[in-house]
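Visitor: I am attaching a structure below and will ask some questions about it afterwards.
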Amino acid sequence: MAEIELREVTRRFSGTTAVNRASFTIHDGEFFILVGPSGCGKSTLLNMIVGLEQVTSGEIRVNGELVNDRDPRERNMAMVFQSYAIYPHMTVRENMAFPLKLAKLSREEIDRRVEEAAVILELTPLLDRKPHALSGGQRQRVAMGRAIVREPSAFLLDEPLSNLDAKLRGQMRTEIARLQRRLGTTTLYVTHDQTEAMTLGDRIAVLRGGDIQQIGTPRELYERPANLFVAGFIGSPAMNFLPARQAGSELLLPLGSITLPGENAATIPADRELVAGFRPEHLQVAAGQEECAGGLRFEAQVELLEWLGAELFVHFEVNLAGFAGIALPQELGIESGDGARMMAVARIDPACGVEEGETLALCIRPERIQLFDGRTGGNLRAEGA
Amino acid sequence: MAGTGSAGRMERLFWGVGSAIVVLYALIPVAWLLSLSLKPGADLGDRRFVPQAVSLEHYVAVFDDPQFPAALWNSAGIAGISTVAAVLLGMFAAYAIVRLQFPGRNLMLAAALSVAMFPPVSIIGPLFNLWRTLGLYDTWAGLILPYMTFTLPLAIWTLAAFFREIPWDLERAARVDGATPLQAFVHVIVPLAAPGVFTAAILVFMFAWNDFLFAISLTSTSDARTVPAAIAFFTGSSLFELPTGAIAAASVVVTVPVIIVVLLFQRRIVAGLTAGAVKG
């Protein structure tokens, strides 16, 4: 059991800053997620916590004790690697027993713990196999087993599911969540996959280019993203972004204008370049104006449909006439359009029976619109909220 | 194309015949040596490939001479120690070059290689004088040192190639699992580099075991004289008789350990030992 605290932790490699002044506390028993695009410094941060990489400056404390200069083996943390890193020359049993042998436990204790972990992870029939005779999912479980036999003070998982196929990934995700609840061990989980982050985490820290963008529960990140990057990174399909302008209490969008709730309008400085964001599921089909009272109703020409059974994604183009294009963070991989038009997505009920090429009337409500500063990317509405 | 119809059969025939020719070419001198060593003294000049009568008299003669068993012991000891020392040192050096970040890593590899490029014959003279001054002349150490010098580069290069193939995550995993750097090296890296270790060991052993140049120049008595050198000092029963049979018998005797070592180690060189370590 452990509480892990980071204070202004920084890691610099010759000239580049991999992690910049990261500060957060992982509470005892918490499932904490580090998420971000590749190269954002999340693995570096994990390696510093487990002791595989040096901290350039700042403090890492476990239960209040400074561990910056402690060797990995003195930190009693277990790690699961993206590559699994199970020892190919040892059987499953030997793999799981390895950390216990190093800890000089008695034979009986080692056997007991390995058998116990094997039962939890359903590895019992595989104990005497070598890793090359295991499937990807089984190897993954061996790596997990090697971590849990130690009864460590914390689990650190570095993209543990990214080498599995989609179906197995979903299955292992649930298994990991269940395991963590059952053991109640402090867990730090690194991933680039926002779905894993949202489903597994008690709290999530979003990283970008070595900087922590926001820390919060999945719900907080989803409903009140601190900036454009978090807004675009969390949620699938990604949030729609459009350029916007403020005119009194009106917000001008390429789709039309909308009246914002009073208290918000006041906090937004005039003449500021704005980016409006709204999630695909917050667009509703509105046959007539009366179904969209107080909101903005607009017509969209359906360009592409993606039917997923329970939901329907409608892709449509927005003409930016009179608005300049917006620059979105590159890592998001969202197309910013060609400056004259942008793509947007609505997630609607498949029952509405729309066809490609048809025109669809959609409605967006003012309270669903997030406003970001066009230059800094900061969320202008979250501050008031 | 392979394996289908006549094209596949032709291909197999080509490789089969090719390999047979190479093996025959390599083995005929050995067979000739074996045949000579088994012929009775009177038959040595009979120009037959297969001995008319088989006799072990040359083997008996070779082992009756007290110099030969001593030389065999020297050879085994010197080659064995050189192998263990060169492989052990080479392991640490190769590991450092592959894993640690320090300036001049590639320069070190190149420098090591240049040592191996040095023609041994050019250092024999100075070494002879040096060893006599230092008291290393005609000692085991006097041979082990040059053998190590000339085989270490080979060992470092071979081992470095194998270490590079081992996923670094395995070592990091071992460290997190509670191993000291040395434990991680011994329990995880070395077993996985075993094929490399055995390859290097075979190469070093053969170099030391077969060397004639250093052995003949830096030894003078049976204190350190190895078998290749000792064979050169064999004498016939009279001034006018060449000790052909004895030389053949001794040569067969020294070839056997090399074959045994290679066969023994070859079993350990299992390709793809790291399969299953990472990814799915």
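Ligands are numbered from 1 in the order shown, chains are lettered A, B, ... in the order of the structure tokens, and residues start at 1 in each chain.
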For Ala229 in chain B, please output as number ranges by chain all residues within 7 Å (counting only C-alpha atoms; exclusion window: fewer than 2 positions along the same chain).

Guide: B: 212, 215-216, 225-227, 231-232

Visitor: What would the file look like if the residues just selected were written as a PDB file, in the first residue's frame with N, CA and C atoms?

Guide:
ATOM      1  N   PHE B 212      50.351 -22.692 -33.337  1.00  0.00           N
ATOM      2  CA  PHE B 212      51.688 -23.270 -33.435  1.00  0.00           C
ATOM      3  C   PHE B 212      52.763 -22.197 -33.246  1.00  0.00           C
ATOM      4  N   ALA B 215      53.351 -21.049 -29.668  1.00  0.00           N
ATOM      5  CA  ALA B 215      53.752 -22.205 -28.875  1.00  0.00           C
ATOM      6  C   ALA B 215      55.199 -22.595 -29.169  1.00  0.00           C
ATOM      7  N   ILE B 216      55.597 -22.559 -30.436  1.00  0.00           N
ATOM      8  CA  ILE B 216      56.954 -22.990 -30.788  1.00  0.00           C
ATOM      9  C   ILE B 216      57.972 -21.918 -30.390  1.00  0.00           C
ATOM     10  N   ARG B 225      55.094 -26.399 -23.179  1.00  0.00           N
ATOM     11  CA  ARG B 225      54.990 -26.699 -24.599  1.00  0.00           C
ATOM     12  C   ARG B 225      53.654 -27.388 -24.887  1.00  0.00           C
ATOM     13  N   THR B 226      52.918 -26.850 -25.847  1.00  0.00           N
ATOM     14  CA  THR B 226      51.619 -27.429 -26.178  1.00  0.00           C
ATOM     15  C   THR B 226      51.774 -28.474 -27.272  1.00  0.00           C
ATOM     16  N   VAL B 227      50.704 -29.200 -27.557  1.00  0.00           N
ATOM     17  CA  VAL B 227      50.790 -30.328 -28.470  1.00  0.00           C
ATOM     18  C   VAL B 227      51.301 -29.945 -29.868  1.00  0.00           C
ATOM     19  N   ILE B 231      54.614 -31.866 -31.188  1.00  0.00           N
ATOM     20  CA  ILE B 231      54.656 -32.779 -32.337  1.00  0.00           C
ATOM     21  C   ILE B 231      55.870 -32.482 -33.218  1.00  0.00           C
ATOM     22  N   ALA B 232      56.218 -31.219 -33.325  1.00  0.00           N
ATOM     23  CA  ALA B 232      57.351 -30.820 -34.153  1.00  0.00           C
ATOM     24  C   ALA B 232      58.666 -31.372 -33.609  1.00  0.00           C
TER      25      ALA B 232
END

Visitor: Excluding same-chain residues fewer than 6 positions from Thr195 in chain A, what lies within 9 Å of it counting only C-alpha atoms, as number ranges by chain?

Guide: A: 234-236

Visitor: Find the residues near Gln213 in chain A: any atom within 12 Å, counting only C-alpha atoms, skip ones fewer than 2 places away on the same chain, and give them as a PyMOL selection string.

Guide: chain A and resi 19-24+34-36+40+204-211+215-216+221+225-231+233-234+377-379

Visitor: For a quick test of understanding: name the residues of chain A lying within 6 Å of chain B when counting only C-alpha atoms, and present them as a list in words.

Guide: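 Residues of chain A within 6 Å of chain B, counting only C-alpha atoms: Pro72, Arg73, Ser83, Tyr84, Ala85, Ile86, Tyr87, Pro88, Pro99, Pro131, His132 and Gly136 of chain A.
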
Visitor: Please write the residues from the selection above to a file, keeping C-alpha atoms, as a PDB file, in the first residue's frame.

Guide:
ATOM      1  CA  PRO A  72      14.395   0.006  -8.266  1.00  0.00           C
ATOM      2  CA  ARG A  73      14.717  -3.059  -6.052  1.00  0.00           C
ATOM      3  CA  SER A  83       6.573  -5.905 -24.379  1.00  0.00           C
ATOM      4  CA  TYR A  84       5.671  -8.076 -21.323  1.00  0.00           C
ATOM      5  CA  ALA A  85       9.390  -8.730 -20.862  1.00  0.00           C
ATOM      6  CA  ILE A  86       8.885 -12.223 -19.534  1.00  0.00           C
ATOM      7  CA  TYR A  87      12.095 -14.217 -19.328  1.00  0.00           C
ATOM      8  CA  PRO A  88      12.147 -16.564 -22.334  1.00  0.00           C
ATOM      9  CA  PRO A  99      11.190 -11.779  -7.947  1.00  0.00           C
ATOM     10  CA  PRO A 131       6.898 -18.381 -22.915  1.00  0.00           C
ATOM     11  CA  HIS A 132       7.317 -19.294 -26.594  1.00  0.00           C
ATOM     12  CA  GLY A 136      -0.139 -13.138 -26.533  1.00  0.00           C
TER      13      GLY A 136
END

Visitor: Which residues, written as a list in words, have at least one atom at most 10 Å from Ala141 in chain B, with only C-alpha atoms counted and residues fewer than 3 positions away on the same chain left out?

Guide: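 My reading of the contact set: Ile78, Ile81, Ser82, Trp131, Gly135, Leu136, Tyr137, Asp138, Ile144, Leu145, Pro146, Tyr147 and Ala224 of chain B.
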
Visitor: Based on the selection just made, write N, CA and C atoms of those residues as a CSV table (one decimal), in the first residue's frame.

Guide:
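Output file result.csv is given in full below:
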chain,number,residue,atom,x,y,z
B,78,ILE,N,46.1,-24.5,-21.0
B,78,ILE,CA,46.3,-23.2,-21.6
B,78,ILE,C,45.1,-22.8,-22.4
B,81,ILE,N,42.1,-22.2,-19.9
B,81,ILE,CA,42.1,-20.9,-19.2
B,81,ILE,C,42.0,-19.7,-20.1
B,82,SER,N,42.6,-19.8,-21.3
B,82,SER,CA,42.5,-18.7,-22.2
B,82,SER,C,41.0,-18.5,-22.6
B,131,TRP,N,59.3,-11.5,-22.8
B,131,TRP,CA,58.9,-12.6,-21.9
B,131,TRP,C,60.1,-13.2,-21.2
B,135,GLY,N,60.3,-13.1,-17.3
B,135,GLY,CA,60.2,-14.4,-16.7
B,135,GLY,C,59.0,-15.2,-17.1
B,136,LEU,N,58.4,-14.7,-18.2
B,136,LEU,CA,57.2,-15.4,-18.6
B,136,LEU,C,57.5,-16.4,-19.7
B,137,TYR,N,58.8,-16.4,-20.1
B,137,TYR,CA,59.1,-17.4,-21.2
B,137,TYR,C,59.0,-18.8,-20.7
B,138,ASP,N,58.4,-19.6,-21.5
B,138,ASP,CA,58.2,-21.0,-21.2
B,138,ASP,C,57.3,-21.2,-19.9
B,144,ILE,N,49.1,-17.9,-22.5
B,144,ILE,CA,47.7,-17.4,-22.2
B,144,ILE,C,47.5,-16.0,-22.6
B,145,LEU,N,48.5,-15.1,-22.2
B,145,LEU,CA,48.4,-13.7,-22.5
B,145,LEU,C,48.2,-13.4,-24.0
B,146,PRO,N,49.2,-13.9,-24.9
B,146,PRO,CA,49.0,-13.6,-26.3
B,146,PRO,C,47.7,-14.2,-26.8
B,147,TYR,N,47.3,-15.4,-26.4
B,147,TYR,CA,46.1,-16.0,-26.9
B,147,TYR,C,44.9,-15.1,-26.6
B,224,ALA,N,55.6,-25.8,-20.6
B,224,ALA,CA,54.5,-25.1,-21.2
B,224,ALA,C,54.3,-25.5,-22.7

Visitor: Which neighbours of Leu360 in chain A fall inside 9 Å, counting only C-alpha atoms, when residues of the same chain fewer than 6 positions from it are skipped, and could you give them as a ChimeraX atom specification?

Guide: /A:285-287,298-302,354

Visitor: Write out, as a CSV table (one decimal), in the first residue's frame, the residues just selected, with N, CA and C atoms.

Guide:
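Now in out-v6.csv:
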chain,number,residue,atom,x,y,z
A,285,VAL,N,-31.2,15.7,-33.7
A,285,VAL,CA,-32.0,15.9,-34.9
A,285,VAL,C,-33.2,16.8,-34.4
A,286,ALA,N,-33.5,17.9,-35.1
A,286,ALA,CA,-34.6,18.8,-34.8
A,286,ALA,C,-35.3,19.1,-36.1
A,287,ALA,N,-36.5,18.4,-36.2
A,287,ALA,CA,-37.3,18.6,-37.4
A,287,ALA,C,-37.7,20.1,-37.6
A,298,PHE,N,-29.5,24.2,-37.3
A,298,PHE,CA,-28.8,24.4,-38.6
A,298,PHE,C,-29.0,23.1,-39.5
A,299,GLU,N,-28.8,23.4,-40.8
A,299,GLU,CA,-29.0,22.3,-41.7
A,299,GLU,C,-27.6,21.8,-42.1
A,300,ALA,N,-27.5,20.4,-42.2
A,300,ALA,CA,-26.2,19.8,-42.6
A,300,ALA,C,-26.5,18.8,-43.7
A,301,GLN,N,-25.6,18.9,-44.7
A,301,GLN,CA,-25.7,17.9,-45.7
A,301,GLN,C,-24.8,16.7,-45.4
A,302,VAL,N,-25.5,15.6,-45.3
A,302,VAL,CA,-24.8,14.3,-44.9
A,302,VAL,C,-23.8,13.9,-45.9
A,354,VAL,N,-31.8,8.6,-41.9
A,354,VAL,CA,-31.3,9.5,-42.9
A,354,VAL,C,-30.4,8.8,-43.9

Visitor: Considering only C-alpha atoms, return as a ChimeraX atom specification whatever protein or nucleic-acid residues lie within 12 Å of range 68-70 of chain B, sequence-local ones (same chain, fewer than 3 positions apart) excluded.

Guide: /B:59-65,73-77,221-234,246-247,249-251,253-254

Visitor: Which of range 108-242 of chain A end up as strand (DSSP E) when DSSP is run on this backbone - answer as a PyMOL selection string?

Guide: chain A and resi 154-158+186-191+203-208+211-216+240-242

Visitor: For the selection just defined, write its residues with C-alpha atoms to a file, as an mmCIF file, in the first residue's frame.

Guide:
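After the write, part06.cif holds the following:
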data_model
loop_
_atom_site.group_PDB
_atom_site.id
_atom_site.type_symbol
_atom_site.label_atom_id
_atom_site.label_comp_id
_atom_site.auth_asym_id
_atom_site.auth_seq_id
_atom_site.Cartn_x
_atom_site.Cartn_y
_atom_site.Cartn_z
ATOM 1 C CA ALA A 154 2.271 -0.297 -6.231
ATOM 2 C CA PHE A 155 1.657 -1.648 -9.716
ATOM 3 C CA LEU A 156 3.035 0.249 -12.650
ATOM 4 C CA LEU A 157 1.698 -0.761 -16.033
ATOM 5 C CA ASP A 158 3.233 0.582 -19.214
ATOM 6 C CA THR A 186 -2.146 1.578 -5.812
ATOM 7 C CA THR A 187 -1.904 1.384 -9.584
ATOM 8 C CA LEU A 188 -0.356 3.678 -12.147
ATOM 9 C CA TYR A 189 -1.339 2.837 -15.672
ATOM 10 C CA VAL A 190 0.196 4.397 -18.758
ATOM 11 C CA THR A 191 -1.667 4.348 -22.042
ATOM 12 C CA ARG A 203 -8.368 9.675 -11.989
ATOM 13 C CA ILE A 204 -6.540 10.561 -15.160
ATOM 14 C CA ALA A 205 -3.620 12.845 -15.890
ATOM 15 C CA VAL A 206 -3.401 13.999 -19.499
ATOM 16 C CA LEU A 207 0.109 14.693 -20.741
ATOM 17 C CA ARG A 208 1.280 16.512 -23.797
ATOM 18 C CA ASP A 211 3.472 18.953 -19.578
ATOM 19 C CA ILE A 212 0.513 17.821 -17.565
ATOM 20 C CA GLN A 213 -2.572 19.337 -19.167
ATOM 21 C CA GLN A 214 -5.213 18.334 -16.669
ATOM 22 C CA ILE A 215 -5.781 15.921 -13.817
ATOM 23 C CA GLY A 216 -9.247 14.751 -12.912
ATOM 24 C CA ASN A 240 -16.066 18.950 -33.070
ATOM 25 C CA PHE A 241 -14.218 22.247 -33.240
ATOM 26 C CA LEU A 242 -15.256 25.379 -35.127
#

Visitor: With only C-alpha atoms as the counted atoms, please give the residues lying no more than 9 Å from Met1 in chain A, apart from itself and same-chain residues fewer than 5 positions off, as a CSV table (one decimal) with C-alpha atoms, in the first residue's frame.

Guide:
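Result file follows (selection-v4.csv):
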chain,number,residue,atom,x,y,z
A,28,ASP,CA,-3.4,4.8,-1.6
A,29,GLY,CA,-5.3,2.2,-3.6
A,63,ASN,CA,4.4,7.4,1.8
A,152,PRO,CA,4.1,-4.9,-4.1
A,153,SER,CA,3.2,-1.5,-2.8
A,154,ALA,CA,2.3,-0.3,-6.2
A,184,GLY,CA,-6.7,-2.7,-3.7
A,185,THR,CA,-3.1,-1.9,-4.7
A,186,THR,CA,-2.1,1.6,-5.8

Visitor: I'd like to know which residues of range 23-236 of chain B are alpha helix (DSSP H) (by DSSP, run on the backbone); could you write them as a PyMOL selection string?

Guide: chain B and resi 23-38+57-64+67-99+105-117+121-134+140-165+168-176+181-184+190-192+194-210+213-218+227-232

Visitor: Which of these, A:Arg61, A:Arg182, A:Arg245, A:His282, has the shortest distance to Pro366 in chain A once you count only C-alpha atoms?

Guide: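 Looking only at the distances to Pro366 in chain A, the closest residue turns out to be A:His282.
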
Visitor: For CA of Thr219 in chain B and CA of Ile123 in chain B, determine how far apart the two atoms are, in Å to one decimal place.

Guide: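 The value is 15.3 Å.
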
Visitor: Expressed in Å to a single decimal, how great is the separation between CA of Phe372 in chain A and CA of Gly277 in chain A?

Guide: 7.6 Å

Visitor: Which value, in Å to one decimal, gives the distance between CA of Asp165 in chain A and CA of Gly137 in chain A?

Guide: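 One can read the CA of Asp165 in chain A to CA of Gly137 in chain A distance as 9.0 Å.
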